[in-house]
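Have a look at coords.txt below; it lists compact mmCIF, C-alpha atoms.
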# COMPACT_ATOMS: atom_id res chain seq x y z
CA MET A 17 -13.18 206.24 113.40
CA SER A 18 -13.71 208.63 116.35
CA SER A 19 -12.74 211.57 114.09
CA ASP A 20 -15.60 210.65 111.71
CA PHE A 21 -17.99 210.46 114.66
CA GLU A 22 -16.90 213.90 115.84
CA ALA A 23 -17.44 215.29 112.34
CA TYR A 24 -20.98 213.89 112.39
CA GLU A 25 -21.43 215.52 115.79
CA LEU A 26 -20.62 218.92 114.32
CA ASP A 27 -23.19 218.39 111.55
CA PHE A 28 -25.70 217.22 114.13
CA GLY A 29 -25.19 220.34 116.24
CA THR A 30 -25.65 222.64 113.24
CA ILE A 31 -28.83 220.93 112.02
CA THR A 32 -30.46 220.68 115.47
CA ALA A 33 -29.76 224.35 116.12
CA GLU A 34 -31.52 225.23 112.85
CA LEU A 35 -34.41 222.88 113.69
CA THR A 36 -34.87 224.40 117.14
CA ASN A 37 -35.06 227.87 115.62
CA LYS A 38 -37.47 226.84 112.87
CA ILE A 39 -39.76 224.85 115.16
CA GLY A 40 -39.98 227.86 117.44
CA ARG A 41 -41.05 230.02 114.47
CA ILE A 42 -43.82 227.72 113.22
CA PRO A 43 -46.57 228.87 115.65
CA LYS A 44 -45.89 232.49 114.69
CA LEU A 45 -46.52 231.91 110.96
CA SER A 46 -49.65 231.21 108.96
CA GLY A 47 -50.75 230.14 105.51
CA GLU A 48 -48.17 229.25 102.88
CA ASP A 49 -45.22 230.43 104.96
CA LYS A 50 -46.10 228.03 107.74
CA THR A 51 -46.67 225.16 105.28
CA GLN A 52 -43.28 225.66 103.64
CA LEU A 53 -41.51 225.87 106.99
CA VAL A 54 -43.23 222.68 108.21
CA LEU A 55 -42.13 220.84 105.07
CA ASN A 56 -38.59 222.15 105.49
CA VAL A 57 -38.43 221.04 109.13
CA ASP A 58 -39.82 217.62 108.21
CA LYS A 59 -37.07 217.22 105.60
CA GLN A 60 -34.33 218.25 108.03
CA LEU A 61 -35.63 215.83 110.65
CA GLU A 62 -35.29 213.04 108.09
CA GLU A 63 -31.72 214.18 107.38
CA VAL A 64 -30.80 214.18 111.05
CA ARG A 65 -32.28 210.67 111.48
CA GLU A 66 -30.01 209.43 108.69
CA LEU A 67 -27.12 211.22 110.37
CA LEU A 68 -27.83 209.36 113.61
CA GLU A 69 -27.80 206.07 111.69
CA GLN A 70 -24.35 206.94 110.33
CA MET A 71 -23.16 207.80 113.85
CA ASP A 72 -24.51 204.47 115.10
CA LEU A 73 -22.50 202.64 112.44
CA GLU A 74 -19.37 204.57 113.38
CA VAL A 75 -19.78 203.67 117.07
CA ARG A 76 -19.84 199.97 116.17
CA GLU A 77 -16.40 200.35 114.55
CA ILE A 78 -14.87 202.02 117.63
CA PRO A 79 -12.76 199.78 119.97
CA ILE A 80 -14.73 198.26 122.84
CA GLN A 81 -12.78 200.09 125.56
CA SER A 82 -13.88 203.47 124.15
CA ARG A 83 -17.30 202.49 122.80
CA ALA A 84 -19.27 203.13 126.03
CA MET A 85 -18.48 206.84 125.99
CA PHE A 86 -19.62 207.26 122.39
CA ASN A 87 -22.75 205.18 123.02
CA SER A 88 -23.71 207.55 125.82
CA ARG A 89 -23.26 210.56 123.58
CA LEU A 90 -25.27 208.93 120.81
CA LYS A 91 -28.07 208.11 123.27
CA SER A 92 -28.29 211.75 124.37
CA TYR A 93 -28.50 212.86 120.71
CA LYS A 94 -31.33 210.42 120.06
CA GLN A 95 -33.18 211.78 123.08
CA GLU A 96 -32.69 215.30 121.79
CA ILE A 97 -34.18 214.35 118.41
CA GLU A 98 -37.16 212.70 120.11
CA LYS A 99 -37.74 215.95 122.00
CA LEU A 100 -37.49 218.00 118.79
CA GLU A 101 -39.98 215.70 117.09
CA LYS A 102 -42.45 216.18 119.96
CA ASP A 103 -41.97 219.94 119.78
CA PHE A 104 -42.53 219.80 116.03
CA LYS A 105 -45.81 217.93 116.48
CA ARG A 106 -47.00 220.47 119.04
CA SER A 107 -46.06 223.37 116.79
CA ARG A 108 -48.07 221.94 113.89
CA ILE A 109 -51.23 221.98 116.02
CA ALA A 110 -50.97 225.77 115.90
CA TYR A 111 -52.68 225.62 112.47
CA SER A 112 -56.01 226.00 114.29
CA ASP A 113 -54.81 228.94 116.43
CA GLU A 114 -55.45 231.46 113.65
CA VAL A 115 -59.20 230.83 113.69
CA ARG A 116 -59.27 230.93 117.50
CA ASN A 117 -57.37 234.21 117.56
CA GLU A 118 -59.77 235.78 115.08
CA LEU A 119 -62.73 234.74 117.26
CA LEU A 120 -61.28 235.72 120.62
CA GLY A 121 -59.29 238.77 119.59
CA ASP A 122 -55.98 240.18 120.91
CA ASP A 123 -56.28 238.57 124.36
CA ALA A 124 -56.10 235.10 122.89
CA SER A 125 -53.13 236.10 120.76
CA THR A 126 -51.29 237.52 123.76
CA SER A 127 -52.05 234.42 125.82
CA GLU A 128 -50.82 232.18 123.02
CA ASN A 129 -47.62 234.18 122.67
CA GLN A 130 -47.00 233.92 126.40
CA ARG A 131 -47.64 230.18 126.32
CA ALA A 132 -45.27 229.76 123.38
CA HIS A 133 -42.62 231.79 125.20
CA LEU A 134 -42.99 229.68 128.33
CA LEU A 135 -42.81 226.47 126.31
CA ASP A 136 -39.72 227.71 124.55
CA ASN A 137 -37.98 228.53 127.84
CA THR A 138 -39.02 225.18 129.32
CA GLU A 139 -37.65 223.32 126.30
CA LYS A 140 -34.35 225.19 126.52
CA LEU A 141 -34.05 224.28 130.19
CA GLU A 142 -34.83 220.63 129.45
CA ARG A 143 -32.25 220.50 126.66
CA SER A 144 -29.64 222.12 128.90
CA SER A 145 -30.45 219.62 131.63
CA ARG A 146 -30.10 216.68 129.24
CA ARG A 147 -26.77 218.00 127.97
CA LEU A 148 -25.48 218.43 131.52
CA GLU A 149 -26.59 214.90 132.34
CA ALA A 150 -24.93 213.57 129.18
CA GLY A 151 -21.76 215.47 130.08
CA TYR A 152 -21.80 213.98 133.56
CA GLN A 153 -22.27 210.48 132.14
CA ILE A 154 -19.38 211.02 129.74
CA ALA A 155 -17.18 212.21 132.62
CA VAL A 156 -18.09 209.14 134.70
CA GLU A 157 -17.48 206.76 131.81
CA THR A 158 -14.20 208.50 130.98
CA GLU A 159 -13.11 208.04 134.59
CA GLN A 160 -14.06 204.36 134.42
CA VAL A 161 -12.09 203.91 131.20
CA GLY A 162 -9.12 205.65 132.83
CA GLN A 163 -9.31 203.35 135.82
CA GLU A 164 -9.44 200.31 133.55
CA ILE A 165 -6.39 201.57 131.64
CA LEU A 166 -4.48 202.15 134.89
CA SER A 167 -5.46 198.67 136.08
CA ASN A 168 -4.23 197.17 132.80
CA LEU A 169 -0.98 199.12 133.06
CA ASN A 170 -0.43 197.88 136.62
CA SER A 171 -1.12 194.33 135.49
CA ASP A 172 1.32 194.70 132.58
CA ARG A 173 3.97 196.12 134.91
CA GLU A 174 3.60 193.16 137.25
CA LYS A 175 3.94 190.77 134.31
CA ILE A 176 7.11 192.56 133.17
CA GLN A 177 8.56 192.39 136.69
CA ARG A 178 7.81 188.66 136.91
CA ALA A 179 9.42 188.15 133.50
CA ARG A 180 12.53 190.01 134.67
CA GLU A 181 12.70 187.85 137.80
CA ARG A 182 12.47 184.70 135.68
CA LEU A 183 15.24 186.03 133.45
CA ARG A 184 17.44 186.65 136.49
CA GLU A 185 16.76 183.12 137.75
CA THR A 186 17.55 181.75 134.28
CA ASP A 187 20.82 183.71 134.19
CA ALA A 188 21.74 182.39 137.63
CA ASN A 189 20.96 178.82 136.55
CA LEU A 190 23.00 179.29 133.39
CA GLY A 191 25.91 180.56 135.49
CA LYS A 192 25.73 177.50 137.73
CA SER A 193 25.53 175.21 134.71
CA SER A 194 28.52 176.94 133.14
CA ARG A 195 30.60 176.47 136.30
CA ILE A 196 29.58 172.81 136.53
CA LEU A 197 30.52 172.20 132.87
CA THR A 198 33.85 173.99 133.38
CA GLY A 199 34.63 171.77 136.38
CA MET A 200 33.71 168.65 134.44
CA LEU A 201 35.88 169.71 131.53
CA ARG A 202 38.78 170.37 133.88
CA ARG A 203 38.44 166.94 135.44
CA ILE A 204 38.27 165.31 131.99
CA ILE A 205 41.50 167.07 131.02
CA GLN A 206 43.14 166.01 134.29
CA ASN A 207 42.04 162.40 133.79
CA ARG A 208 43.38 162.36 130.25
CA ALA A 209 46.70 163.80 131.47
CA LEU A 210 46.92 161.09 134.14
CA VAL A 211 46.17 158.40 131.56
CA PHE A 212 48.84 159.81 129.28
CA ILE A 213 51.38 159.92 132.12
CA LEU A 214 50.53 156.38 133.22
CA GLY A 215 50.78 155.17 129.64
CA ALA A 216 54.18 156.84 129.30
CA ILE A 217 55.40 155.25 132.55
CA ILE A 218 54.15 151.82 131.47
CA LEU A 219 55.78 152.22 128.07
CA LEU A 220 59.05 153.35 129.64
CA THR A 221 58.95 150.39 132.06
CA ILE A 222 58.45 147.96 129.17
CA ILE A 223 61.32 149.51 127.23
CA LEU A 224 63.63 149.35 130.24
CA ALA A 225 62.61 145.76 130.92
CA ILE A 226 63.39 144.78 127.33
CA TYR A 227 66.68 146.66 127.47
CA PHE A 228 67.92 145.03 130.65
CA ASN A 229 66.74 141.62 129.45
CA LEU A 230 68.72 141.92 126.24
CA ARG A 231 71.73 143.26 128.06
CA GLY A 232 71.71 140.24 130.44
CA HIS A 233 72.00 137.91 127.50
Step by step, read the file and then write its structure as structure tokens.
Amino acid sequence: MSSDFEAYELDFGTITAELTNKIGRIPKLSGEDKTQLVLNVDKQLEEVRELLEQMDLEVREIPIQSRAMFNSRLKSYKQEIEKLEKDFKRSRIAYSDEVRNELLGDDASTSENQRAHLLDNTEKLERSSRRLEAGYQIAVETEQVGQEILSNLNSDREKIQRARERLRETDANLGKSSRILTGMLRRIIQNRALVFILGAIILLTIILAIYFNLRGH
């Protein structure tokens, strides 16, 4: 499942890069060119929203111990899309800039270009900051997952050691039981031998008694 999520991430990166470029171009266009680009950006934003929904579904299928890391990444992507949508709305307001530029002349155009350049740089810095923050969160969550895995491994090792100790105790008890049974069997054999010997002596005594009795007559 994580491989599907990573594939969606690649698509997300490609589309958002295209959106960032196109949104930055919108204020510089006018007329039909601007209209077509706005429609194209609107369509791509819809595509990337659907992509985020697919990523959300994939995260739900990921095992719980790894899900936190992917949730953090998905959250940062959603924030990035929200920022792109805000930038897109601001860029569409530039429809009225053409009339203002015609009225105010080149100074207004230069000022607008400078403002757009500053906004573009500010947005790049904000996106970089969000990505760094997301990377830090992923690193922290990865460390937490690693600690949980190590804790589970230590717990499993302790369980295995206790199981081995119980096996040793069981083996020792079986050894004692075997020795006890061997001793009992030996005593049973000895008792049977004594009974046999006593029976033989009694039988021999009876035979001798009968013999001497008959001989006396």
Excluding Ala84 of chain A and its own-chain neighbours fewer than 2 positions away, which residues fall within 12 Å of it when counting all atoms listed in the file? Please give them as a CSV table (one decimal) with C-alpha atoms, in the frame of the given file.
chain,number,residue,atom,x,y,z
A,75,VAL,CA,-19.8,203.7,117.1
A,76,ARG,CA,-19.8,200.0,116.2
A,78,ILE,CA,-14.9,202.0,117.6
A,79,PRO,CA,-12.8,199.8,120.0
A,80,ILE,CA,-14.7,198.3,122.8
A,81,GLN,CA,-12.8,200.1,125.6
A,82,SER,CA,-13.9,203.5,124.2
A,86,PHE,CA,-19.6,207.3,122.4
A,87,ASN,CA,-22.8,205.2,123.0
A,88,SER,CA,-23.7,207.6,125.8
A,89,ARG,CA,-23.3,210.6,123.6
A,90,LEU,CA,-25.3,208.9,120.8
A,91,LYS,CA,-28.1,208.1,123.3
A,153,GLN,CA,-22.3,210.5,132.1
A,154,ILE,CA,-19.4,211.0,129.7
A,155,ALA,CA,-17.2,212.2,132.6
A,156,VAL,CA,-18.1,209.1,134.7
A,157,GLU,CA,-17.5,206.8,131.8
A,158,THR,CA,-14.2,208.5,131.0
A,159,GLU,CA,-13.1,208.0,134.6
A,160,GLN,CA,-14.1,204.4,134.4
A,161,VAL,CA,-12.1,203.9,131.2
Smallest atom-to-atom distance to Leu55 of chain A: which of A:Leu73, A:Leu169, A:Leu197, A:Ile39, using all atoms listed in the file?
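Result for the nearest residue to Leu55 of chain A: A:Ile39.
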* In terms of the shortest atom-to-atom distance over only C-alpha atoms, which of A:Leu134, A:Asp72, A:Gly151, A:Ile42 is closest to Ser107 of chain A? ->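 Ranking A:Leu134, A:Asp72, A:Gly151, A:Ile42 by distance to Ser107 of chain A, first place goes to A:Ile42.
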### Query
So what do you get for atom CA of Lys59 of chain A versus atom CA of Ser46 of chain A, distance-wise?
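A separation of 19.1 Å between them.
Between atom CA of Leu100 of chain A and atom CA of Arg83 of chain A the separation is 25.8 Å.
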Q. Any idea what the distance is between atom CA of Arg147 of chain A and atom CA of Gln95 of chain A?
A.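 One can read the atom CA of Arg147 of chain A to atom CA of Gln95 of chain A distance as 10.2 Å.
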Worksheet item: Which polymer residues have any atom within 12 Å of an atom of Glu96 of chain A, counting only C-alpha atoms, with same-chain residues fewer than 6 positions away left out, as a ChimeraX atom specification?
Response: /A:28-29,31-33,35-36,61,64-65,68,89-90,102-103,139-140,142-147,150
_Gln52 of chain A environment, 12 Å, all atoms listed in the file, sequence neighbours closer than 4 positions dropped, as number ranges by chain_ = A: 38, 41-42, 45-48, 56-59, 108
With distances taken over all atoms listed in the file, the candidate from A:Met71, A:Ala225, A:Leu53, A:Ile205 nearest Phe21 of chain A is A:Met71
Counting all atoms listed in the file, which of A:Leu67, A:Ile97, A:Glu25, A:Met85 gets nearest to Tyr152 of chain A?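 Smallest separation from Tyr152 of chain A among the options: A:Met85.
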(message) Between A:Glu181, A:Asp49, A:Glu63, A:Glu77, which residue has the minimum interatomic distance to Thr30 of chain A, considering only C-alpha atoms?
(response)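 Of A:Glu181, A:Asp49, A:Glu63, A:Glu77, the one nearest Thr30 of chain A is A:Glu63, counting only C-alpha atoms.
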Starting from 5 Å padding per side, set up an axis-aligned box that covers all listed atoms of segment 83-90 of chain A and hand over centre and edge lengths in Å, one decimal, as JSON.
{"center_x": -21.3, "center_y": 206.5, "center_z": 123.4, "size_x": 18.0, "size_y": 18.1, "size_z": 15.2}
Please fill the gaps in segment 144-155 of chain A so it has all heavy atoms, and write that as a PDB file, in the coordinates of the input.
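The new file rebuild-v6.pdb reads:
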ATOM      1  N   SER A 144     -30.860 221.849 128.123  1.00  0.00           N
ATOM      2  CA  SER A 144     -29.640 222.120 128.900  1.00  0.00           C
ATOM      3  C   SER A 144     -29.437 221.060 129.965  1.00  0.00           C
ATOM      4  O   SER A 144     -28.315 220.596 130.196  1.00  0.00           O
ATOM      5  CB  SER A 144     -29.735 223.508 129.548  1.00  0.00           C
ATOM      6  OG  SER A 144     -29.834 224.523 128.567  1.00  0.00           O
ATOM      7  N   SER A 145     -30.544 220.653 130.601  1.00  0.00           N
ATOM      8  CA  SER A 145     -30.450 219.620 131.630  1.00  0.00           C
ATOM      9  C   SER A 145     -29.971 218.294 131.051  1.00  0.00           C
ATOM     10  O   SER A 145     -29.126 217.607 131.632  1.00  0.00           O
ATOM     11  CB  SER A 145     -31.817 219.437 132.297  1.00  0.00           C
ATOM     12  OG  SER A 145     -31.775 218.403 133.259  1.00  0.00           O
ATOM     13  N   ARG A 146     -30.517 217.937 129.876  1.00  0.00           N
ATOM     14  CA  ARG A 146     -30.100 216.680 129.240  1.00  0.00           C
ATOM     15  C   ARG A 146     -28.622 216.730 128.846  1.00  0.00           C
ATOM     16  O   ARG A 146     -27.903 215.745 128.962  1.00  0.00           O
ATOM     17  CB  ARG A 146     -30.965 216.404 128.012  1.00  0.00           C
ATOM     18  CG  ARG A 146     -32.376 215.952 128.346  1.00  0.00           C
ATOM     19  CD  ARG A 146     -33.027 215.302 127.132  1.00  0.00           C
ATOM     20  NE  ARG A 146     -33.108 216.210 126.006  1.00  0.00           N
ATOM     21  CZ  ARG A 146     -34.105 217.060 125.795  1.00  0.00           C
ATOM     22  NH1 ARG A 146     -35.114 217.121 126.652  1.00  0.00           N
ATOM     23  NH2 ARG A 146     -34.100 217.849 124.740  1.00  0.00           N
ATOM     24  N   ARG A 147     -28.175 217.890 128.362  1.00  0.00           N
ATOM     25  CA  ARG A 147     -26.770 218.000 127.970  1.00  0.00           C
ATOM     26  C   ARG A 147     -25.849 217.910 129.180  1.00  0.00           C
ATOM     27  O   ARG A 147     -24.777 217.287 129.112  1.00  0.00           O
ATOM     28  CB  ARG A 147     -26.553 219.328 127.237  1.00  0.00           C
ATOM     29  CG  ARG A 147     -27.105 219.310 125.813  1.00  0.00           C
ATOM     30  CD  ARG A 147     -27.090 220.668 125.185  1.00  0.00           C
ATOM     31  NE  ARG A 147     -27.655 220.640 123.829  1.00  0.00           N
ATOM     32  CZ  ARG A 147     -28.006 221.711 123.154  1.00  0.00           C
ATOM     33  NH1 ARG A 147     -27.871 222.917 123.691  1.00  0.00           N
ATOM     34  NH2 ARG A 147     -28.505 221.602 121.933  1.00  0.00           N
ATOM     35  N   LEU A 148     -26.279 218.534 130.299  1.00  0.00           N
ATOM     36  CA  LEU A 148     -25.480 218.430 131.520  1.00  0.00           C
ATOM     37  C   LEU A 148     -25.420 216.986 131.998  1.00  0.00           C
ATOM     38  O   LEU A 148     -24.366 216.496 132.418  1.00  0.00           O
ATOM     39  CB  LEU A 148     -26.080 219.317 132.612  1.00  0.00           C
ATOM     40  CG  LEU A 148     -25.872 220.832 132.444  1.00  0.00           C
ATOM     41  CD1 LEU A 148     -26.670 221.589 133.492  1.00  0.00           C
ATOM     42  CD2 LEU A 148     -24.396 221.184 132.548  1.00  0.00           C
ATOM     43  N   GLU A 149     -26.557 216.296 131.929  1.00  0.00           N
ATOM     44  CA  GLU A 149     -26.590 214.900 132.340  1.00  0.00           C
ATOM     45  C   GLU A 149     -25.705 214.040 131.435  1.00  0.00           C
ATOM     46  O   GLU A 149     -24.976 213.166 131.905  1.00  0.00           O
ATOM     47  CB  GLU A 149     -28.021 214.380 132.292  1.00  0.00           C
ATOM     48  CG  GLU A 149     -28.173 212.950 132.793  1.00  0.00           C
ATOM     49  CD  GLU A 149     -29.609 212.460 132.759  1.00  0.00           C
ATOM     50  OE1 GLU A 149     -30.499 213.279 132.433  1.00  0.00           O
ATOM     51  OE2 GLU A 149     -29.828 211.283 133.056  1.00  0.00           O
ATOM     52  N   ALA A 150     -25.782 214.318 130.124  1.00  0.00           N
ATOM     53  CA  ALA A 150     -24.930 213.570 129.180  1.00  0.00           C
ATOM     54  C   ALA A 150     -23.463 213.851 129.454  1.00  0.00           C
ATOM     55  O   ALA A 150     -22.622 212.946 129.405  1.00  0.00           O
ATOM     56  CB  ALA A 150     -25.286 213.947 127.750  1.00  0.00           C
ATOM     57  N   GLY A 151     -23.142 215.127 129.759  1.00  0.00           N
ATOM     58  CA  GLY A 151     -21.760 215.470 130.080  1.00  0.00           C
ATOM     59  C   GLY A 151     -21.268 214.769 131.332  1.00  0.00           C
ATOM     60  O   GLY A 151     -20.123 214.292 131.390  1.00  0.00           O
ATOM     61  N   TYR A 152     -22.165 214.680 132.327  1.00  0.00           N
ATOM     62  CA  TYR A 152     -21.800 213.980 133.560  1.00  0.00           C
ATOM     63  C   TYR A 152     -21.560 212.496 133.286  1.00  0.00           C
ATOM     64  O   TYR A 152     -20.605 211.900 133.795  1.00  0.00           O
ATOM     65  CB  TYR A 152     -22.913 214.155 134.591  1.00  0.00           C
ATOM     66  CG  TYR A 152     -22.697 213.363 135.860  1.00  0.00           C
ATOM     67  CD1 TYR A 152     -21.758 213.770 136.804  1.00  0.00           C
ATOM     68  CD2 TYR A 152     -23.426 212.192 136.094  1.00  0.00           C
ATOM     69  CE1 TYR A 152     -21.555 213.033 137.958  1.00  0.00           C
ATOM     70  CE2 TYR A 152     -23.224 211.459 137.252  1.00  0.00           C
ATOM     71  CZ  TYR A 152     -22.292 211.878 138.182  1.00  0.00           C
ATOM     72  OH  TYR A 152     -22.082 211.152 139.313  1.00  0.00           O
ATOM     73  N   GLN A 153     -22.428 211.893 132.477  1.00  0.00           N
ATOM     74  CA  GLN A 153     -22.270 210.480 132.140  1.00  0.00           C
ATOM     75  C   GLN A 153     -20.959 210.240 131.402  1.00  0.00           C
ATOM     76  O   GLN A 153     -20.250 209.259 131.658  1.00  0.00           O
ATOM     77  CB  GLN A 153     -23.443 210.008 131.282  1.00  0.00           C
ATOM     78  CG  GLN A 153     -24.764 209.925 132.044  1.00  0.00           C
ATOM     79  CD  GLN A 153     -25.925 209.539 131.153  1.00  0.00           C
ATOM     80  OE1 GLN A 153     -25.783 209.478 129.934  1.00  0.00           O
ATOM     81  NE2 GLN A 153     -27.075 209.282 131.740  1.00  0.00           N
ATOM     82  N   ILE A 154     -20.642 211.148 130.484  1.00  0.00           N
ATOM     83  CA  ILE A 154     -19.380 211.020 129.740  1.00  0.00           C
ATOM     84  C   ILE A 154     -18.198 211.109 130.693  1.00  0.00           C
ATOM     85  O   ILE A 154     -17.224 210.351 130.582  1.00  0.00           O
ATOM     86  CB  ILE A 154     -19.293 212.103 128.650  1.00  0.00           C
ATOM     87  CG1 ILE A 154     -20.331 211.822 127.543  1.00  0.00           C
ATOM     88  CG2 ILE A 154     -17.889 212.164 128.050  1.00  0.00           C
ATOM     89  CD1 ILE A 154     -20.466 212.947 126.550  1.00  0.00           C
ATOM     90  N   ALA A 155     -18.277 212.057 131.662  1.00  0.00           N
ATOM     91  CA  ALA A 155     -17.180 212.210 132.620  1.00  0.00           C
ATOM     92  C   ALA A 155     -17.013 210.942 133.455  1.00  0.00           C
ATOM     93  O   ALA A 155     -15.891 210.474 133.688  1.00  0.00           O
ATOM     94  CB  ALA A 155     -17.448 213.408 133.519  1.00  0.00           C
TER      95      ALA A 155
END
